[in-house]
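Undergrad: What follows is structure19.csv, made up of CSV, C-alpha atoms:
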chain,number,residue,atom,x,y,z
A,1,MET,CA,-95.4,-90.1,48.4
A,2,ILE,CA,-91.7,-89.3,48.5
A,3,ILE,CA,-89.6,-92.0,46.9
A,4,HIS,CA,-86.0,-92.0,48.2
A,5,ASN,CA,-84.8,-95.0,46.2
A,6,VAL,CA,-86.2,-98.0,44.4
A,7,GLY,CA,-84.6,-101.2,43.1
A,8,TYR,CA,-85.9,-103.9,40.8
A,9,HIS,CA,-84.7,-107.5,40.6
A,10,HIS,CA,-81.5,-106.9,42.5
A,11,ASN,CA,-79.2,-109.9,42.9
A,12,HIS,CA,-76.8,-110.0,45.8
A,13,ASP,CA,-73.9,-112.3,46.7
A,14,ALA,CA,-74.1,-114.9,49.5
A,15,ASP,CA,-72.4,-112.5,52.0
A,16,PHE,CA,-75.2,-109.9,51.6
A,17,PHE,CA,-76.8,-108.5,54.8
A,18,VAL,CA,-78.5,-105.4,56.1
A,19,ASP,CA,-78.0,-104.3,59.7
A,20,ARG,CA,-79.7,-101.0,60.6
A,21,PRO,CA,-80.4,-100.9,64.3
A,22,GLN,CA,-82.3,-97.5,63.9
A,23,GLY,CA,-83.9,-98.4,60.7
A,24,SER,CA,-83.3,-96.5,57.4
A,25,GLY,CA,-85.0,-93.3,58.3
A,26,ASP,CA,-88.0,-94.1,56.1
A,27,TYR,CA,-90.3,-96.9,55.2
A,28,LEU,CA,-88.8,-99.9,53.4
A,29,LEU,CA,-91.0,-102.1,51.2
A,30,LEU,CA,-89.5,-105.5,50.2
A,31,LEU,CA,-90.5,-108.1,47.8
A,32,LEU,CA,-88.4,-111.1,48.8
A,33,LYS,CA,-87.7,-113.4,45.8
A,34,SER,CA,-85.4,-115.7,47.6
A,35,ASP,CA,-85.4,-117.3,51.1
A,36,THR,CA,-84.3,-114.7,53.7
A,37,LEU,CA,-83.1,-114.8,57.3
A,38,MET,CA,-84.7,-111.9,59.1
A,39,THR,CA,-84.5,-110.9,62.8
A,40,LEU,CA,-87.9,-110.1,64.3
A,41,ASP,CA,-88.5,-109.5,68.0
A,42,GLY,CA,-85.0,-110.6,68.7
A,43,LYS,CA,-85.3,-113.9,66.9
A,44,GLU,CA,-83.8,-114.8,63.5
A,45,ILE,CA,-86.4,-116.6,61.4
A,46,GLN,CA,-86.5,-117.8,57.9
A,47,ILE,CA,-88.8,-116.0,55.5
A,48,PRO,CA,-89.7,-118.0,52.4
A,49,ALA,CA,-89.3,-116.6,48.9
A,50,ASN,CA,-92.3,-114.9,47.4
A,51,SER,CA,-93.0,-112.8,50.5
A,52,PHE,CA,-94.0,-109.1,51.0
A,53,PHE,CA,-92.6,-107.2,53.9
A,54,LEU,CA,-93.0,-103.5,54.9
A,55,TYR,CA,-90.7,-102.0,57.6
A,56,GLN,CA,-92.3,-99.2,59.4
A,57,LYS,CA,-90.2,-96.0,59.8
A,58,GLY,CA,-88.0,-96.3,62.9
A,59,THR,CA,-88.1,-100.1,63.0
A,60,PRO,CA,-84.7,-101.9,63.2
A,61,GLN,CA,-83.8,-103.6,59.9
A,62,HIS,CA,-81.9,-106.9,60.1
A,63,TYR,CA,-82.0,-109.4,57.3
A,64,ARG,CA,-79.5,-111.4,55.3
A,65,CYS,CA,-79.0,-114.0,52.7
A,66,MET,CA,-79.4,-117.7,53.4
A,67,PRO,CA,-75.9,-119.3,53.7
A,68,GLN,CA,-74.4,-120.3,50.4
A,69,HIS,CA,-77.2,-118.8,48.5
A,70,THR,CA,-77.8,-115.6,46.5
A,71,PHE,CA,-80.3,-113.0,47.6
A,72,LEU,CA,-82.8,-111.6,45.1
A,73,ASN,CA,-85.4,-108.8,45.9
A,74,ASP,CA,-87.2,-105.7,44.8
A,75,TRP,CA,-87.4,-102.7,47.2
A,76,ILE,CA,-88.6,-99.2,47.8
A,77,HIS,CA,-87.5,-96.6,50.3
A,78,PHE,CA,-90.2,-94.0,50.8
A,79,LEU,CA,-92.1,-91.6,53.0
A,80,PHE,CA,-95.8,-91.0,53.3
A,81,GLU,CA,-97.1,-87.5,52.8
A,82,ASP,CA,-100.3,-85.8,54.2
A,83,ASP,CA,-103.0,-88.5,54.6
A,84,GLU,CA,-101.3,-91.2,52.6
A,85,GLU,CA,-100.5,-93.4,55.6
A,86,ALA,CA,-104.2,-93.4,56.5
A,87,GLN,CA,-105.0,-94.5,53.0
A,88,PHE,CA,-102.4,-97.3,53.3
A,89,LEU,CA,-103.8,-98.5,56.6
A,90,SER,CA,-107.2,-98.9,54.9
A,91,TYR,CA,-105.7,-101.9,53.1
A,92,HIS,CA,-105.2,-103.6,56.5
A,93,ILE,CA,-101.6,-104.6,55.6
A,94,PRO,CA,-99.6,-105.0,58.8
A,95,TYR,CA,-96.2,-103.4,59.3
A,96,ASN,CA,-93.1,-105.5,60.1
A,97,THR,CA,-94.9,-108.8,59.2
A,98,PRO,CA,-93.9,-111.2,56.4
A,99,ILE,CA,-96.8,-111.8,54.1
A,100,PRO,CA,-96.4,-115.0,51.9
A,101,LEU,CA,-97.8,-114.7,48.4
A,102,LYS,CA,-98.4,-117.3,45.7
A,103,HIS,CA,-96.8,-115.1,43.0
A,104,LEU,CA,-94.8,-111.9,42.9
A,105,HIS,CA,-94.9,-111.4,39.1
A,106,PHE,CA,-97.5,-108.6,39.1
A,107,LEU,CA,-96.2,-106.9,42.2
A,108,SER,CA,-92.7,-107.0,40.8
A,109,PHE,CA,-94.0,-105.5,37.6
A,110,CYS,CA,-95.5,-102.6,39.7
A,111,ILE,CA,-92.1,-101.9,41.3
A,112,LYS,CA,-90.4,-102.1,37.9
A,113,SER,CA,-92.8,-99.5,36.7
A,114,ILE,CA,-92.3,-97.3,39.8
A,115,ALA,CA,-88.5,-97.5,39.2
A,116,TYR,CA,-89.0,-96.5,35.6
A,117,GLU,CA,-91.2,-93.5,36.5
A,118,ASN,CA,-88.9,-92.5,39.4
A,119,TYR,CA,-86.0,-92.0,37.0
A,120,THR,CA,-87.8,-90.1,34.4
A,121,ASN,CA,-89.2,-86.5,34.2
A,122,HIS,CA,-92.7,-87.4,33.0
A,123,LEU,CA,-95.4,-84.8,33.6
A,124,ASN,CA,-97.5,-87.2,35.7
A,125,LYS,CA,-94.6,-89.0,37.3
A,126,ASP,CA,-95.8,-88.6,40.9
A,127,LYS,CA,-99.4,-89.5,40.0
A,128,ASN,CA,-98.3,-92.6,38.1
A,129,ILE,CA,-96.1,-93.8,41.0
A,130,ALA,CA,-99.0,-93.3,43.5
A,131,CYS,CA,-101.3,-95.3,41.2
A,132,TYR,CA,-98.8,-98.2,41.0
A,133,LEU,CA,-98.3,-98.2,44.7
A,134,ALA,CA,-102.1,-98.2,45.4
A,135,LEU,CA,-102.5,-101.1,43.0
A,136,LEU,CA,-99.6,-103.0,44.6
A,137,PHE,CA,-101.1,-102.5,48.1
A,138,SER,CA,-104.5,-103.6,46.8
A,139,LYS,CA,-103.2,-106.8,45.4
A,140,VAL,CA,-101.4,-107.6,48.6
A,141,GLU,CA,-104.7,-107.1,50.5
A,142,GLU,CA,-106.4,-109.4,48.1
A,143,ALA,CA,-103.7,-112.1,48.7
A,144,MET,CA,-104.1,-111.8,52.4
A,145,GLN,CA,-107.8,-112.4,52.3
A,146,GLU,CA,-107.5,-115.6,50.2
A,147,THR,CA,-108.6,-118.5,52.3
A,148,LYS,CA,-107.2,-122.0,52.3
A,149,HIS,CA,-110.6,-123.3,51.3
A,150,THR,CA,-110.5,-121.4,48.0
A,151,ILE,CA,-110.6,-123.9,45.2
A,152,PRO,CA,-107.8,-122.8,42.8
A,153,ASN,CA,-108.5,-122.4,39.1
A,154,THR,CA,-105.4,-124.4,38.1
A,155,LYS,CA,-105.9,-123.7,34.4
A,156,PHE,CA,-106.2,-120.0,35.0
A,157,GLU,CA,-103.1,-120.0,37.2
A,158,MET,CA,-101.0,-121.7,34.6
A,159,LEU,CA,-102.2,-119.4,31.8
A,160,SER,CA,-101.6,-116.4,34.1
A,161,THR,CA,-98.0,-117.6,34.7
A,162,ILE,CA,-97.4,-117.7,31.0
A,163,ARG,CA,-98.9,-114.2,30.6
A,164,SER,CA,-96.8,-112.8,33.5
A,165,THR,CA,-93.7,-114.3,31.9
A,166,ILE,CA,-94.2,-112.7,28.5
A,167,TYR,CA,-94.8,-109.3,30.1
A,168,SER,CA,-91.9,-109.5,32.6
A,169,LYS,CA,-89.5,-111.1,30.1
A,170,PRO,CA,-90.7,-110.0,26.6
A,171,TYR,CA,-87.2,-110.6,25.2
A,172,GLU,CA,-87.3,-114.3,25.8
A,173,PHE,CA,-88.1,-116.6,22.9
A,174,VAL,CA,-91.5,-118.1,23.1
A,175,ASN,CA,-94.1,-119.1,20.6
A,176,VAL,CA,-97.5,-120.8,20.7
A,177,GLU,CA,-96.0,-124.3,20.6
A,178,SER,CA,-93.6,-123.7,23.5
A,179,ALA,CA,-96.2,-121.9,25.6
A,180,ALA,CA,-98.8,-124.7,25.0
A,181,HIS,CA,-96.2,-127.3,26.0
A,182,ALA,CA,-95.4,-125.4,29.2
A,183,VAL,CA,-99.0,-125.7,30.4
A,184,ARG,CA,-99.4,-129.2,29.0
A,185,MET,CA,-102.1,-128.2,26.5
A,186,SER,CA,-102.5,-128.8,22.8
A,187,ARG,CA,-101.9,-125.9,20.5
A,188,SER,CA,-105.5,-125.4,19.7
A,189,SER,CA,-106.8,-125.8,23.3
A,190,PHE,CA,-104.1,-123.4,24.5
A,191,GLN,CA,-105.1,-120.7,22.0
A,192,HIS,CA,-108.8,-121.1,22.8
A,193,GLN,CA,-108.4,-121.0,26.5
A,194,TYR,CA,-105.9,-118.1,26.5
A,195,LYS,CA,-108.3,-115.9,24.5
A,196,GLN,CA,-111.2,-117.0,26.6
A,197,GLN,CA,-109.4,-116.0,29.8
A,198,PHE,CA,-107.8,-112.7,28.7
A,199,GLY,CA,-109.9,-111.6,25.7
A,200,VAL,CA,-106.9,-111.4,23.4
A,201,SER,CA,-105.0,-114.0,21.5
A,202,PHE,CA,-101.6,-115.2,22.8
A,203,MET,CA,-99.7,-113.8,19.8
A,204,GLN,CA,-101.4,-110.5,20.0
A,205,ASP,CA,-100.5,-110.4,23.7
A,206,LEU,CA,-96.9,-111.4,23.0
A,207,ILE,CA,-96.6,-108.6,20.4
A,208,GLN,CA,-98.1,-106.1,22.8
A,209,SER,CA,-95.7,-107.0,25.6
A,210,ARG,CA,-92.7,-106.6,23.2
A,211,ILE,CA,-93.9,-103.3,21.8
A,212,SER,CA,-94.6,-101.9,25.3
A,213,TYR,CA,-91.1,-102.9,26.3
A,214,ALA,CA,-89.7,-101.4,23.1
A,215,LYS,CA,-91.4,-98.1,23.9
A,216,MET,CA,-89.8,-98.0,27.3
A,217,LEU,CA,-86.4,-98.6,25.8
A,218,LEU,CA,-86.9,-96.0,23.1
A,219,ILE,CA,-87.5,-93.2,25.6
A,220,SER,CA,-85.2,-94.3,28.4
A,221,THR,CA,-82.1,-95.5,26.6
A,222,ASN,CA,-79.8,-94.5,23.7
A,223,LEU,CA,-79.9,-98.0,22.2
A,224,THR,CA,-80.2,-98.1,18.4
A,225,ILE,CA,-83.4,-99.4,16.8
A,226,SER,CA,-81.6,-102.6,15.8
A,227,GLU,CA,-80.3,-103.1,19.4
A,228,ILE,CA,-83.8,-102.6,20.7
A,229,ALA,CA,-85.2,-105.1,18.3
A,230,VAL,CA,-82.8,-107.7,19.7
A,231,HIS,CA,-83.6,-106.7,23.3
A,232,CYS,CA,-87.3,-107.3,22.6
A,233,GLY,CA,-86.8,-110.8,21.2
A,234,TYR,CA,-86.8,-110.0,17.4
A,235,HIS,CA,-84.3,-111.7,15.1
A,236,SER,CA,-85.2,-109.2,12.3
A,237,CYS,CA,-85.1,-105.5,12.7
A,238,ALA,CA,-87.4,-105.0,9.7
A,239,HIS,CA,-90.0,-107.3,11.3
A,240,PHE,CA,-89.7,-105.4,14.5
A,241,VAL,CA,-90.3,-102.1,12.8
A,242,ARG,CA,-93.3,-103.4,10.9
A,243,GLN,CA,-94.9,-104.8,14.0
A,244,PHE,CA,-94.2,-101.6,16.0
A,245,LYS,CA,-95.8,-99.4,13.3
A,246,ALA,CA,-98.8,-101.7,13.0
A,247,THR,CA,-99.3,-101.4,16.8
A,248,ALA,CA,-98.3,-97.8,17.5
A,249,ASN,CA,-99.1,-96.3,14.2
A,250,VAL,CA,-95.6,-94.7,14.0
A,251,THR,CA,-92.2,-96.1,13.4
A,252,PRO,CA,-89.8,-96.6,16.4
A,253,THR,CA,-87.8,-93.6,15.3
A,254,GLU,CA,-90.8,-91.4,15.0
A,255,TYR,CA,-92.0,-92.6,18.4
A,256,ARG,CA,-88.7,-91.7,20.0
A,257,ILE,CA,-88.6,-88.3,18.4
A,258,LYS,CA,-92.2,-87.5,19.4
A,259,GLN,CA,-91.7,-88.6,23.0
A,260,ASN,CA,-88.5,-86.7,23.4
A,261,CYS,CA,-90.1,-83.5,22.1
A,262,SER,CA,-93.0,-84.0,24.5
A,263,GLU,CA,-90.7,-84.3,27.4
A,264,GLU,CA,-88.8,-81.1,26.4
A,265,ILE,CA,-92.0,-79.2,26.2
A,266,ALA,CA,-93.1,-80.4,29.6
A,267,GLN,CA,-89.8,-79.4,31.1
A,268,ASN,CA,-90.0,-75.9,29.7
A,269,VAL,CA,-93.6,-75.3,30.9
Write out the structure in this file as structure tokens.

TA:
Amino acid sequence: MIIHNVGYHHNHDADFFVDRPQGSGDYLLLLLKSDTLMTLDGKEIQIPANSFFLYQKGTPQHYRCMPQHTFLNDWIHFLFEDDEEAQFLSYHIPYNTPIPLKHLHFLSFCIKSIAYENYTNHLNKDKNIACYLALLFSKVEEAMQETKHTIPNTKFEMLSTIRSTIYSKPYEFVNVESAAHAVRMSRSSFQHQYKQQFGVSFMQDLIQSRISYAKMLLISTNLTISEIAVHCGYHSCAHFVRQFKATANVTPTEYRIKQNCSEEIAQNV
């Protein structure tokens, strides 16, 4: 897979539009997070927010923002290599067809991870990107096969939304009380149901999401430890360092040094 460009959670003004009569010269994967006006077969139609769309190479690309609205999306420009397109086709995902989805949280997380991998020099960068894309396509296939007769597990969906939020926005303030209130549960019921569904307590999951985000910032930015603590939702740097060491078995500074050294070794091999 050759990644030409990737963007995560891009917000565009109301005058945003794309007009490529010959396409972009590659495949274009879109996660549409806002309503979109798209021209398909010569007709402009409205595509609802929370939709997946994959332009085939050579297909004209015409889409724009809804009038007086902003446009929000994730996207990947890429080319298949070798037998990768055949593997993609095995997911039965159609080209040039909007696919409505209930939630984009996890798919957006995959694109965010692809963007991160694409702009690093990790040893397994290409393998990691391929894994995230395969997972993304697999989840789209699952969503396509859901039937209208499926009885939704409302409680699971509400808890999954909370979990998606803490992993996609680990820097936002949230605690057991506010999370329980958001899903209209008592504190004790929320904690019990959360652990039953995901096999981990809410607070353990919250800490893990913040430490994972901190690790990404430590190796991809020059932010100080104090600044990273704030970016990860901590009011106390000392508290952040204690939780990081308890989870990762090293301090944030030690983790940054270790990862930087590993990358230097990989680059010199």

Undergrad: Tell me which of A:Asn222, A:Ser168, A:Asn96, A:Ser188 sits closest to A:Cys110, counting all atoms listed in the file.

TA: A:Ser168

Undergrad: Tell me which of A:Tyr8, A:Phe53, A:Phe198, A:Phe88 sits closest to A:Leu133, counting all atoms listed in the file.

TA: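 Checking each of A:Tyr8, A:Phe53, A:Phe198, A:Phe88 against A:Leu133, counting all atoms listed in the file, the winner is A:Phe88.
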
Undergrad: To one decimal in Å, tell me the separation between atom CA of A:His77 and atom CA of A:His92.

TA: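 Answer for the atom CA of A:His77 to atom CA of A:His92 separation: 20.0 Å.
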
Undergrad: Which residues of stretch 65-116 of chain A come within 12 Å of stretch 42-49 of chain A, and for each one, what is the closest pair of atoms and their distance in Å to one decimal, counting only C-alpha atoms, sorted by chain and residue number, as a Markdown table?

TA:
| residue | atom | partner | partner_atom | distance |
| --- | --- | --- | --- | --- |
| A:Cys65 | CA | A:Gln46 | CA | 9.9 |
| A:Met66 | CA | A:Gln46 | CA | 8.4 |
| A:Pro67 | CA | A:Gln46 | CA | 11.5 |
| A:Thr70 | CA | A:Ala49 | CA | 11.8 |
| A:Phe71 | CA | A:Ala49 | CA | 9.8 |
| A:Leu72 | CA | A:Ala49 | CA | 9.0 |
| A:Asn73 | CA | A:Ala49 | CA | 9.2 |
| A:Asp74 | CA | A:Ala49 | CA | 11.8 |
| A:Thr97 | CA | A:Ile47 | CA | 10.1 |
| A:Pro98 | CA | A:Ile47 | CA | 7.1 |
| A:Ile99 | CA | A:Ile47 | CA | 9.1 |
| A:Pro100 | CA | A:Pro48 | CA | 7.4 |
| A:Leu101 | CA | A:Ala49 | CA | 8.7 |
| A:Lys102 | CA | A:Ala49 | CA | 9.7 |
| A:His103 | CA | A:Ala49 | CA | 9.7 |
| A:Leu104 | CA | A:Ala49 | CA | 9.4 |

Undergrad: So which one's closest to A:Ile114, A:Tyr171, A:Trp75, A:Tyr95, A:Phe80? Using all atoms listed in the file, please.

TA: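 The shortest atom-to-atom distance to A:Ile114 comes from A:Trp75.
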
Undergrad: Which of these residues is nearest to A:Ser24, using all atoms listed in the file: A:Gln61, A:Ser236, A:Asn121, A:Gln193?

TA: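 Closest to A:Ser24 of all the choices is A:Gln61.
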